[in-house]
file structure-v5.cif (mmCIF, C-alpha atoms)
data_input
loop_
_atom_site.group_PDB
_atom_site.id
_atom_site.type_symbol
_atom_site.label_atom_id
_atom_site.label_comp_id
_atom_site.auth_asym_id
_atom_site.auth_seq_id
_atom_site.Cartn_x
_atom_site.Cartn_y
_atom_site.Cartn_z
ATOM 1 C CA MET A 128 0.000 0.000 0.000
ATOM 2 C CA LYS A 129 2.879 2.364 0.826
ATOM 3 C CA SER A 130 4.558 1.715 -2.517
ATOM 4 C CA VAL A 131 1.350 2.665 -4.398
ATOM 5 C CA SER A 132 1.189 5.913 -2.427
ATOM 6 C CA ILE A 133 4.803 6.712 -3.288
ATOM 7 C CA TYR A 134 4.183 6.060 -7.001
ATOM 8 C CA ILE A 135 1.089 8.308 -6.959
ATOM 9 C CA ARG A 136 3.043 11.135 -5.294
ATOM 10 C CA LEU A 137 5.941 10.681 -7.689
ATOM 11 C CA GLY A 138 3.531 10.746 -10.649
ATOM 12 C CA VAL A 139 1.895 13.958 -9.397
ATOM 13 C CA LEU A 140 5.321 15.616 -8.967
ATOM 14 C CA VAL A 141 6.400 14.612 -12.497
ATOM 15 C CA ILE A 142 3.151 15.973 -13.972
ATOM 16 C CA ALA A 143 3.595 19.212 -12.000
ATOM 17 C CA LEU A 144 7.169 19.535 -13.260
ATOM 18 C CA VAL A 145 6.054 19.031 -16.876
ATOM 19 C CA LEU A 146 3.342 21.695 -16.422
ATOM 20 C CA VAL A 147 5.895 24.150 -15.001
ATOM 21 C CA PHE A 148 8.213 23.628 -17.977
ATOM 22 C CA ALA A 149 5.309 24.008 -20.426
ATOM 23 C CA GLY A 150 4.193 27.203 -18.689
ATOM 24 C CA MET A 151 7.706 28.645 -18.772
ATOM 25 C CA LYS A 152 8.011 27.905 -22.491
ATOM 26 C CA ALA A 153 4.634 29.581 -23.205
ATOM 27 C CA MET A 154 5.547 32.769 -21.307
ATOM 28 C CA THR A 155 6.534 35.310 -23.898
ATOM 29 C CA PRO A 156 6.403 39.076 -23.353
ATOM 30 C CA GLN A 157 3.440 39.265 -25.739
ATOM 31 C CA ALA A 158 1.545 36.533 -23.879
ATOM 32 C CA ILE A 159 2.201 38.203 -20.525
ATOM 33 C CA GLN A 160 1.082 41.617 -21.859
ATOM 34 C CA GLY A 161 -2.069 40.008 -23.252
ATOM 35 C CA ALA A 162 -2.812 38.381 -19.902
ATOM 36 C CA PHE A 163 -2.314 41.670 -18.061
ATOM 37 C CA SER A 164 -4.558 43.489 -20.549
ATOM 38 C CA ALA A 165 -7.250 40.868 -19.994
ATOM 39 C CA LEU A 166 -6.972 41.482 -16.243
ATOM 40 C CA GLY A 167 -7.135 45.278 -16.696
ATOM 41 C CA VAL A 168 -3.595 46.060 -15.539
ATOM 42 C CA GLU A 169 -0.572 47.411 -17.368
ATOM 43 C CA PRO A 170 3.110 48.046 -16.678
ATOM 44 C CA GLY A 171 3.958 51.099 -14.610
ATOM 45 C CA ALA A 172 5.451 54.299 -15.937
ATOM 46 C CA ALA A 173 9.021 55.451 -15.408
ATOM 47 C CA GLY A 174 9.592 56.105 -11.729
ATOM 48 C CA GLN A 175 6.709 53.859 -10.692
ATOM 49 C CA PRO A 176 7.437 50.318 -11.785
ATOM 50 C CA GLY A 177 5.138 47.402 -11.261
ATOM 51 C CA LEU A 178 1.581 46.976 -12.395
ATOM 52 C CA GLN A 179 -0.942 49.795 -12.421
ATOM 53 C CA SER A 180 -4.642 49.874 -13.109
ATOM 54 C CA GLY A 181 -5.350 49.852 -16.809
ATOM 55 C CA GLY A 182 -6.201 53.314 -18.036
ATOM 56 C CA LYS A 183 -6.971 55.029 -21.271
ATOM 57 C CA PRO A 184 -4.895 53.966 -24.248
ATOM 58 C CA LEU A 185 -2.151 56.352 -25.297
ATOM 59 C CA ALA A 186 -2.865 58.717 -28.182
ATOM 60 C CA PRO A 187 -0.052 59.728 -30.544
ATOM 61 C CA GLY A 188 2.342 62.077 -28.730
ATOM 62 C CA GLU A 189 1.125 61.068 -25.265
ATOM 63 C CA GLU A 190 3.066 59.323 -22.533
ATOM 64 C CA ARG A 191 2.329 58.051 -19.054
ATOM 65 C CA ARG A 192 3.913 60.049 -16.269
ATOM 66 C CA THR A 193 4.169 59.260 -12.612
ATOM 67 C CA LEU A 194 3.026 61.641 -9.928
ATOM 68 C CA CYS A 195 3.807 59.347 -6.988
ATOM 69 C CA ARG A 196 7.492 58.466 -7.476
ATOM 70 C CA THR A 197 7.460 58.011 -3.706
ATOM 71 C CA ARG A 198 4.726 58.580 -1.158
ATOM 72 C CA LEU A 199 3.096 62.008 -1.255
ATOM 73 C CA ARG A 200 3.144 63.981 1.986
ATOM 74 C CA ALA A 201 1.294 67.100 0.837
ATOM 75 C CA ILE A 202 -0.162 68.830 -2.204
ATOM 76 C CA ARG A 203 0.041 72.602 -1.858
ATOM 77 C CA PHE A 204 -1.926 74.933 -4.099
ATOM 78 C CA ALA A 205 -0.832 78.501 -4.832
ATOM 79 C CA ASP A 206 -3.867 79.974 -3.017
ATOM 80 C CA ASP A 207 -2.681 78.961 0.517
ATOM 81 C CA ARG A 208 -4.680 75.748 0.463
ATOM 82 C CA ALA A 209 -3.184 72.288 0.897
ATOM 83 C CA VAL A 210 -4.040 68.643 1.308
ATOM 84 C CA ALA A 211 -1.562 67.069 3.727
ATOM 85 C CA GLU A 212 -1.040 63.754 5.447
ATOM 86 C CA VAL A 213 -0.786 63.980 9.227
ATOM 87 C CA THR A 214 0.241 61.381 11.782
ATOM 88 C CA LYS A 215 -1.616 61.086 15.068
ATOM 89 C CA GLY A 216 0.234 58.408 16.997
ATOM 90 C CA MET A 217 -0.105 55.271 14.879
ATOM 91 C CA LYS A 218 -3.003 56.700 12.874
ATOM 92 C CA LEU A 219 -2.589 58.441 9.524
ATOM 93 C CA ASP A 220 -5.104 60.934 8.210
ATOM 94 C CA TRP A 221 -5.384 63.357 5.302
ATOM 95 C CA THR A 222 -6.419 66.918 6.062
ATOM 96 C CA ALA A 223 -7.527 69.956 4.108
ATOM 97 C CA GLU A 224 -5.675 73.086 5.220
ATOM 98 C CA GLU A 225 -6.684 76.658 4.409
ATOM 99 C CA GLY A 226 -4.951 79.909 5.291
ATOM 100 C CA ALA A 227 -1.780 80.421 7.281
ATOM 101 C CA GLY A 228 -0.721 81.293 10.811
ATOM 102 C CA GLU A 229 -3.504 81.883 13.331
ATOM 103 C CA LYS A 230 -6.118 81.957 10.572
ATOM 104 C CA LYS A 231 -5.177 78.474 9.410
ATOM 105 C CA SER A 232 -8.066 75.998 9.463
ATOM 106 C CA VAL A 233 -7.560 72.239 9.295
ATOM 107 C CA ARG A 234 -10.209 69.573 8.761
ATOM 108 C CA SER A 235 -10.080 65.866 8.008
ATOM 109 C CA ILE A 236 -11.025 64.764 4.510
ATOM 110 C CA GLY A 237 -10.855 61.049 5.190
ATOM 111 C CA TYR A 238 -7.977 58.658 4.769
ATOM 112 C CA LEU A 239 -9.735 56.202 2.459
ATOM 113 C CA GLU A 240 -11.092 58.891 0.131
ATOM 114 C CA MET A 241 -7.620 60.372 -0.327
ATOM 115 C CA GLU A 242 -5.981 56.977 -0.808
ATOM 116 C CA LYS A 243 -8.578 56.234 -3.482
ATOM 117 C CA TRP A 244 -7.691 59.527 -5.206
ATOM 118 C CA LEU A 245 -3.999 58.607 -5.083
ATOM 119 C CA SER A 246 -4.623 55.147 -6.528
ATOM 120 C CA GLN A 247 -6.574 56.646 -9.427
ATOM 121 C CA HIS A 248 -4.221 59.531 -10.224
ATOM 122 C CA CYS A 249 -0.656 58.457 -9.421
ATOM 123 C CA GLN A 250 -0.219 58.039 -13.153
ATOM 124 C CA PHE A 251 -1.473 60.550 -15.679
ATOM 125 C CA LEU A 252 -1.301 61.058 -19.420
ATOM 126 C CA ALA A 253 0.722 64.004 -20.687
ATOM 127 C CA ALA A 254 1.590 65.394 -24.097
ATOM 128 C CA THR A 255 4.840 67.261 -24.657
ATOM 129 C CA GLY A 256 5.954 69.286 -27.614
ATOM 130 C CA SER A 257 4.651 72.733 -26.681
ATOM 131 C CA SER A 258 7.255 75.447 -26.804
ATOM 132 C CA ALA A 259 8.493 77.125 -23.660
ATOM 133 C CA ALA A 260 7.581 80.494 -25.243
ATOM 134 C CA GLU A 261 3.880 79.572 -25.016
ATOM 135 C CA MET A 262 4.281 79.435 -21.240
ATOM 136 C CA ALA A 263 5.490 83.019 -20.892
ATOM 137 C CA VAL A 264 2.038 84.588 -21.178
ATOM 138 C CA GLY A 265 -0.166 84.245 -18.125
ATOM 139 C CA GLN A 266 2.062 81.804 -16.260
ATOM 140 C CA VAL A 267 1.155 81.467 -12.583
ATOM 141 C CA PRO A 268 2.338 79.129 -9.821
ATOM 142 C CA ALA A 269 -0.139 76.271 -9.627
ATOM 143 C CA VAL A 270 0.771 73.441 -7.280
ATOM 144 C CA VAL A 271 3.647 71.818 -5.393
ATOM 145 C CA PHE A 272 3.716 68.102 -4.628
ATOM 146 C CA GLU A 273 5.770 67.303 -1.505
ATOM 147 C CA PHE A 274 7.085 63.789 -0.898
ATOM 148 C CA ILE A 275 8.053 61.970 2.290
ATOM 149 C CA ASP A 276 11.718 61.903 1.259
ATOM 150 C CA GLY A 277 11.823 65.720 1.471
ATOM 151 C CA SER A 278 11.799 66.309 -2.289
ATOM 152 C CA SER A 279 9.117 68.256 -4.113
ATOM 153 C CA TRP A 280 7.782 68.776 -7.629
ATOM 154 C CA GLY A 281 6.388 72.206 -8.427
ATOM 155 C CA LEU A 282 4.323 73.232 -11.435
ATOM 156 C CA SER A 283 3.360 76.567 -12.919
ATOM 157 C CA GLN A 284 0.440 76.820 -15.284
ATOM 158 C CA ALA A 285 -0.510 78.932 -18.293
ATOM 159 C CA GLY A 286 -3.863 77.950 -19.720
ATOM 160 C CA ALA A 287 -3.763 74.222 -20.440
ATOM 161 C CA LEU A 288 0.037 73.999 -20.173
ATOM 162 C CA PHE A 289 2.019 73.002 -17.087
ATOM 163 C CA ARG A 290 5.702 73.888 -16.612
ATOM 164 C CA PRO A 291 7.728 71.888 -14.092
ATOM 165 C CA HIS A 292 9.897 74.154 -11.933
ATOM 166 C CA SER A 293 12.665 71.544 -12.145
ATOM 167 C CA ASP A 294 12.640 71.519 -15.971
ATOM 168 C CA PRO A 295 11.134 74.800 -17.221
ATOM 169 C CA GLN A 296 12.075 74.179 -20.863
ATOM 170 C CA THR A 297 9.720 71.212 -21.211
ATOM 171 C CA PRO A 298 6.115 72.282 -20.664
ATOM 172 C CA PHE A 299 3.399 69.689 -21.117
ATOM 173 C CA SER A 300 -0.352 69.531 -21.340
ATOM 174 C CA SER A 301 -2.376 67.036 -19.339
ATOM 175 C CA PRO A 302 -6.160 67.072 -19.138
ATOM 176 C CA ASP A 303 -5.747 64.042 -16.814
ATOM 177 C CA LEU A 304 -3.667 66.001 -14.287
ATOM 178 C CA GLN A 305 -5.938 69.044 -14.613
ATOM 179 C CA ALA A 306 -9.028 66.920 -13.886
ATOM 180 C CA ALA A 307 -7.243 65.168 -10.986
ATOM 181 C CA LEU A 308 -6.405 68.522 -9.349
ATOM 182 C CA VAL A 309 -9.989 69.749 -9.763
ATOM 183 C CA GLU A 310 -11.242 66.489 -8.234
ATOM 184 C CA LEU A 311 -8.801 66.904 -5.326
ATOM 185 C CA ARG A 312 -10.014 70.463 -4.665
ATOM 186 C CA GLU A 313 -13.598 69.207 -4.632
ATOM 187 C CA LEU A 314 -12.650 66.348 -2.284
ATOM 188 C CA ALA A 315 -10.981 68.834 0.067
ATOM 189 C CA GLY A 316 -13.907 71.265 -0.087
ATOM 190 C CA PHE A 317 -11.824 74.005 -1.723
ATOM 191 C CA PRO A 318 -13.394 76.376 -4.236
ATOM 192 C CA VAL A 319 -12.867 75.299 -7.830
ATOM 193 C CA ASP A 320 -12.588 78.220 -10.226
ATOM 194 C CA SER A 321 -10.821 79.103 -13.437
ATOM 195 C CA LYS A 322 -7.857 80.604 -11.556
ATOM 196 C CA SER A 323 -7.030 77.435 -9.681
ATOM 197 C CA PRO A 324 -5.920 74.144 -11.189
#

call {"tool": "encode", "arguments": {"input": "structure-v5.cif", "output": "C-alpha cells"}}
result
Amino acid sequence: MKSVSIYIRLGVLVIALVLVFAGMKAMTPQAIQGAFSALGVEPGAAGQPGLQSGGKPLAPGEERRTLCRTRLRAIRFADDRAVAEVTKGMKLDWTAEEGAGEKKSVRSIGYLEMEKWLSQHCQFLAATGSSAAEMAVGQVPAVVFEFIDGSSWGLSQAGALFRPHSDPQTPFSSPDLQAALVELRELAGFPVDSKSP
C-alpha cells in the first residue's frame, strides 16, 4: 500500500514539473502583456514600476507620467490651500488646510477617500511638444507636490500647459492632471474656479 502511495506522489510531482516547464516555455512578453490586458492592468510608468490599473490607451504624442514616485506627503496649491497627510500616533489621516498662521483651518477629509484619489491619479497622461515660449504669457504658480523623502515637484500653469519648476524648458499639457487637481479640490472642499488648477 505504501509503494502505491509513493508512485502516486511521484507521478503527481512529475506531472507538476512538466506543467511548469510548459508554462515557462509559453511565457513570452506578448503573452504576458495580453494576460495583463485581460486582467485590466498594465506596466507602470518610469519612476513607478510594477503593475498599475489599466487606463486610457495612449494617443499619438502622449506618454504616461508618474506623480507618486514616492509617497506624497502634501499637495500645496498657490492659493494657501493644501491637502496634507498627518500622523496622530499610529493613525494616519489626510487633512484639508486653508490659510496660514492663526487663521489656518484644518479639517479631516478622510484617509480612504484620499488613498482612493492617489490610486486613481498616481499616473497621468501628458503630451509634450509645446514650446516654452507659449508658457510666458499668463504663467502662474499652480501646485507643489511634496514627498516623504523631502523632495518636491512644483508646477506653474498657463492655460492648459504646465511647466515643471525643475525643468522649465519642457512644458506639457495634461487634461488628466488638470481633472485630478480639480477632483482633489472638490474632495478637500476648496473652491474650484478658473484661476485654480

call {"tool": "resolve_selection", "arguments": {"input": "structure-v5.cif", "expression": "the PyMOL selection byres ((chain A and resi 314) around 12)", "output": "NGL selection string"}}
result
:A and (209-210 or 221-223 or 234-245 or 307-313 or 315-319)

call {"tool": "atom_distance", "arguments": {"input": "structure-v5.cif", "atom1": "atom CA of A:Leu185", "atom2": "atom CA of A:Phe299"}}
result
15.0 Å

call {"tool": "residues_around", "arguments": {"input": "structure-v5.cif", "residues": "A:Ser300", "least_positions_apart": "6", "cutoff": "10 Å", "atoms": "all atoms listed in the file", "output": "PyMOL selection string"}}
result
chain A and resi 189+252-257+284-290

call {"tool": "atom_distance", "arguments": {"input": "structure-v5.cif", "atom1": "atom CA of A:Gly228", "atom2": "atom CA of A:Lys215"}}
result
20.7 Å

call {"tool": "residues_around", "arguments": {"input": "structure-v5.cif", "residues": "A:Ser279", "least_positions_apart": "4", "cutoff": "10 Å", "atoms": "only C-alpha atoms", "output": "JSON, numbers by chain"}}
result
{"A": [199, 200, 201, 202, 271, 272, 273, 274, 275, 292, 293]}

call {"tool": "atom_distance", "arguments": {"input": "structure-v5.cif", "atom1": "atom CA of A:Ala306", "atom2": "atom CA of A:Arg196"}}
result
19.6 Å

call {"tool": "axis_aligned_box", "arguments": {"input": "structure-v5.cif", "around": "stretch 282-295 of chain A", "padding_each_side": "6 Å", "output": "JSON"}}
result
{"center_x": 4.4, "center_y": 75.2, "center_z": -15.9, "size_x": 28.5, "size_y": 19.4, "size_z": 21.0}

call {"tool": "resolve_selection", "arguments": {"input": "structure-v5.cif", "expression": "the PyMOL selection byres ((chain A and resi 269) around 8)", "output": "PDB file with C-alpha atoms, in the frame of the given file"}}
result
ATOM      1  CA  PHE A 204      -1.926  74.933  -4.099  1.00  0.00           C
ATOM      2  CA  ALA A 205      -0.832  78.501  -4.832  1.00  0.00           C
ATOM      3  CA  VAL A 267       1.155  81.467 -12.583  1.00  0.00           C
ATOM      4  CA  PRO A 268       2.338  79.129  -9.821  1.00  0.00           C
ATOM      5  CA  VAL A 270       0.771  73.441  -7.280  1.00  0.00           C
ATOM      6  CA  VAL A 271       3.647  71.818  -5.393  1.00  0.00           C
ATOM      7  CA  GLY A 281       6.388  72.206  -8.427  1.00  0.00           C
ATOM      8  CA  LEU A 282       4.323  73.232 -11.435  1.00  0.00           C
ATOM      9  CA  SER A 283       3.360  76.567 -12.919  1.00  0.00           C
ATOM     10  CA  GLN A 284       0.440  76.820 -15.284  1.00  0.00           C
ATOM     11  CA  SER A 323      -7.030  77.435  -9.681  1.00  0.00           C
ATOM     12  CA  PRO A 324      -5.920  74.144 -11.189  1.00  0.00           C
TER      13      PRO A 324
END

call {"tool": "closest_residue", "arguments": {"input": "structure-v5.cif", "among": "A:Pro298, A:Cys195, A:Ser232, A:Ala186", "to": "A:Arg208", "atoms": "all atoms listed in the file"}}
result
A:Ser232

call {"tool": "closest_residue", "arguments": {"input": "structure-v5.cif", "among": "A:Ile142, A:Val147, A:Leu304, A:Lys152", "to": "A:Gln247", "atoms": "all atoms listed in the file"}}
result
A:Leu304

call {"tool": "closest_residue", "arguments": {"input": "structure-v5.cif", "among": "A:Glu229, A:Glu224, A:Asp303, A:Glu212", "to": "A:Arg198", "atoms": "only C-alpha atoms"}}
result
A:Glu212

call {"tool": "build_atoms", "arguments": {"input": "structure-v5.cif", "residues": "stretch 228-253 of chain A", "atoms": "N, CA and C atoms", "output": "PDB file, in the frame of the given file"}}
result
ATOM      1  N   GLY A 228      -0.845  80.694   9.480  1.00  0.00           N
ATOM      2  CA  GLY A 228      -0.721  81.293  10.811  1.00  0.00           C
ATOM      3  C   GLY A 228      -1.920  81.003  11.687  1.00  0.00           C
ATOM      4  N   GLU A 229      -2.375  82.049  12.422  1.00  0.00           N
ATOM      5  CA  GLU A 229      -3.504  81.883  13.331  1.00  0.00           C
ATOM      6  C   GLU A 229      -4.817  81.677  12.594  1.00  0.00           C
ATOM      7  N   LYS A 230      -4.884  82.098  11.345  1.00  0.00           N
ATOM      8  CA  LYS A 230      -6.118  81.957  10.572  1.00  0.00           C
ATOM      9  C   LYS A 230      -6.182  80.621   9.822  1.00  0.00           C
ATOM     10  N   LYS A 231      -5.218  79.756  10.091  1.00  0.00           N
ATOM     11  CA  LYS A 231      -5.177  78.474   9.410  1.00  0.00           C
ATOM     12  C   LYS A 231      -6.266  77.554   9.959  1.00  0.00           C
ATOM     13  N   SER A 232      -7.052  76.975   9.047  1.00  0.00           N
ATOM     14  CA  SER A 232      -8.066  75.998   9.463  1.00  0.00           C
ATOM     15  C   SER A 232      -7.692  74.638   8.882  1.00  0.00           C
ATOM     16  N   VAL A 233      -7.911  73.602   9.685  1.00  0.00           N
ATOM     17  CA  VAL A 233      -7.560  72.239   9.295  1.00  0.00           C
ATOM     18  C   VAL A 233      -8.761  71.345   9.570  1.00  0.00           C
ATOM     19  N   ARG A 234      -9.110  70.526   8.571  1.00  0.00           N
ATOM     20  CA  ARG A 234     -10.209  69.573   8.761  1.00  0.00           C
ATOM     21  C   ARG A 234      -9.857  68.265   8.055  1.00  0.00           C
ATOM     22  N   SER A 235     -10.356  67.185   8.587  1.00  0.00           N
ATOM     23  CA  SER A 235     -10.080  65.866   8.008  1.00  0.00           C
ATOM     24  C   SER A 235     -10.895  65.688   6.733  1.00  0.00           C
ATOM     25  N   ILE A 236     -10.270  65.066   5.730  1.00  0.00           N
ATOM     26  CA  ILE A 236     -11.025  64.764   4.510  1.00  0.00           C
ATOM     27  C   ILE A 236     -11.190  63.260   4.325  1.00  0.00           C
ATOM     28  N   GLY A 237     -10.667  62.493   5.251  1.00  0.00           N
ATOM     29  CA  GLY A 237     -10.855  61.049   5.190  1.00  0.00           C
ATOM     30  C   GLY A 237      -9.689  60.339   4.527  1.00  0.00           C
ATOM     31  N   TYR A 238      -9.146  59.395   5.243  1.00  0.00           N
ATOM     32  CA  TYR A 238      -7.977  58.658   4.769  1.00  0.00           C
ATOM     33  C   TYR A 238      -8.302  57.826   3.528  1.00  0.00           C
ATOM     34  N   LEU A 239      -9.403  57.083   3.572  1.00  0.00           N
ATOM     35  CA  LEU A 239      -9.735  56.202   2.459  1.00  0.00           C
ATOM     36  C   LEU A 239     -10.057  56.960   1.184  1.00  0.00           C
ATOM     37  N   GLU A 240     -10.758  58.099   1.310  1.00  0.00           N
ATOM     38  CA  GLU A 240     -11.092  58.891   0.131  1.00  0.00           C
ATOM     39  C   GLU A 240      -9.828  59.405  -0.552  1.00  0.00           C
ATOM     40  N   MET A 241      -8.853  59.850   0.244  1.00  0.00           N
ATOM     41  CA  MET A 241      -7.620  60.372  -0.327  1.00  0.00           C
ATOM     42  C   MET A 241      -6.775  59.249  -0.919  1.00  0.00           C
ATOM     43  N   GLU A 242      -6.729  58.108  -0.260  1.00  0.00           N
ATOM     44  CA  GLU A 242      -5.981  56.977  -0.808  1.00  0.00           C
ATOM     45  C   GLU A 242      -6.598  56.513  -2.127  1.00  0.00           C
ATOM     46  N   LYS A 243      -7.910  56.581  -2.223  1.00  0.00           N
ATOM     47  CA  LYS A 243      -8.578  56.234  -3.482  1.00  0.00           C
ATOM     48  C   LYS A 243      -8.168  57.224  -4.570  1.00  0.00           C
ATOM     49  N   TRP A 244      -8.117  58.507  -4.227  1.00  0.00           N
ATOM     50  CA  TRP A 244      -7.691  59.527  -5.206  1.00  0.00           C
ATOM     51  C   TRP A 244      -6.263  59.226  -5.668  1.00  0.00           C
ATOM     52  N   LEU A 245      -5.389  58.913  -4.730  1.00  0.00           N
ATOM     53  CA  LEU A 245      -3.999  58.607  -5.083  1.00  0.00           C
ATOM     54  C   LEU A 245      -3.920  57.389  -6.000  1.00  0.00           C
ATOM     55  N   SER A 246      -4.685  56.352  -5.703  1.00  0.00           N
ATOM     56  CA  SER A 246      -4.623  55.147  -6.528  1.00  0.00           C
ATOM     57  C   SER A 246      -5.120  55.406  -7.943  1.00  0.00           C
ATOM     58  N   GLN A 247      -6.033  56.355  -8.099  1.00  0.00           N
ATOM     59  CA  GLN A 247      -6.574  56.646  -9.427  1.00  0.00           C
ATOM     60  C   GLN A 247      -5.709  57.625 -10.219  1.00  0.00           C
ATOM     61  N   HIS A 248      -4.909  58.440  -9.526  1.00  0.00           N
ATOM     62  CA  HIS A 248      -4.221  59.531 -10.224  1.00  0.00           C
ATOM     63  C   HIS A 248      -2.702  59.536 -10.068  1.00  0.00           C
ATOM     64  N   CYS A 249      -2.117  58.476  -9.527  1.00  0.00           N
ATOM     65  CA  CYS A 249      -0.656  58.457  -9.421  1.00  0.00           C
ATOM     66  C   CYS A 249       0.019  58.400 -10.778  1.00  0.00           C
ATOM     67  N   GLN A 250      -0.695  57.942 -11.779  1.00  0.00           N
ATOM     68  CA  GLN A 250      -0.219  58.039 -13.153  1.00  0.00           C
ATOM     69  C   GLN A 250      -1.169  58.928 -13.921  1.00  0.00           C
ATOM     70  N   PHE A 251      -0.625  59.709 -14.843  1.00  0.00           N
ATOM     71  CA  PHE A 251      -1.473  60.550 -15.679  1.00  0.00           C
ATOM     72  C   PHE A 251      -0.885  60.604 -17.079  1.00  0.00           C
ATOM     73  N   LEU A 252      -1.742  60.922 -18.036  1.00  0.00           N
ATOM     74  CA  LEU A 252      -1.301  61.058 -19.420  1.00  0.00           C
ATOM     75  C   LEU A 252      -0.875  62.492 -19.659  1.00  0.00           C
ATOM     76  N   ALA A 253       0.216  62.670 -20.381  1.00  0.00           N
ATOM     77  CA  ALA A 253       0.722  64.004 -20.687  1.00  0.00           C
ATOM     78  C   ALA A 253       1.213  64.036 -22.125  1.00  0.00           C
TER      79      ALA A 253
END
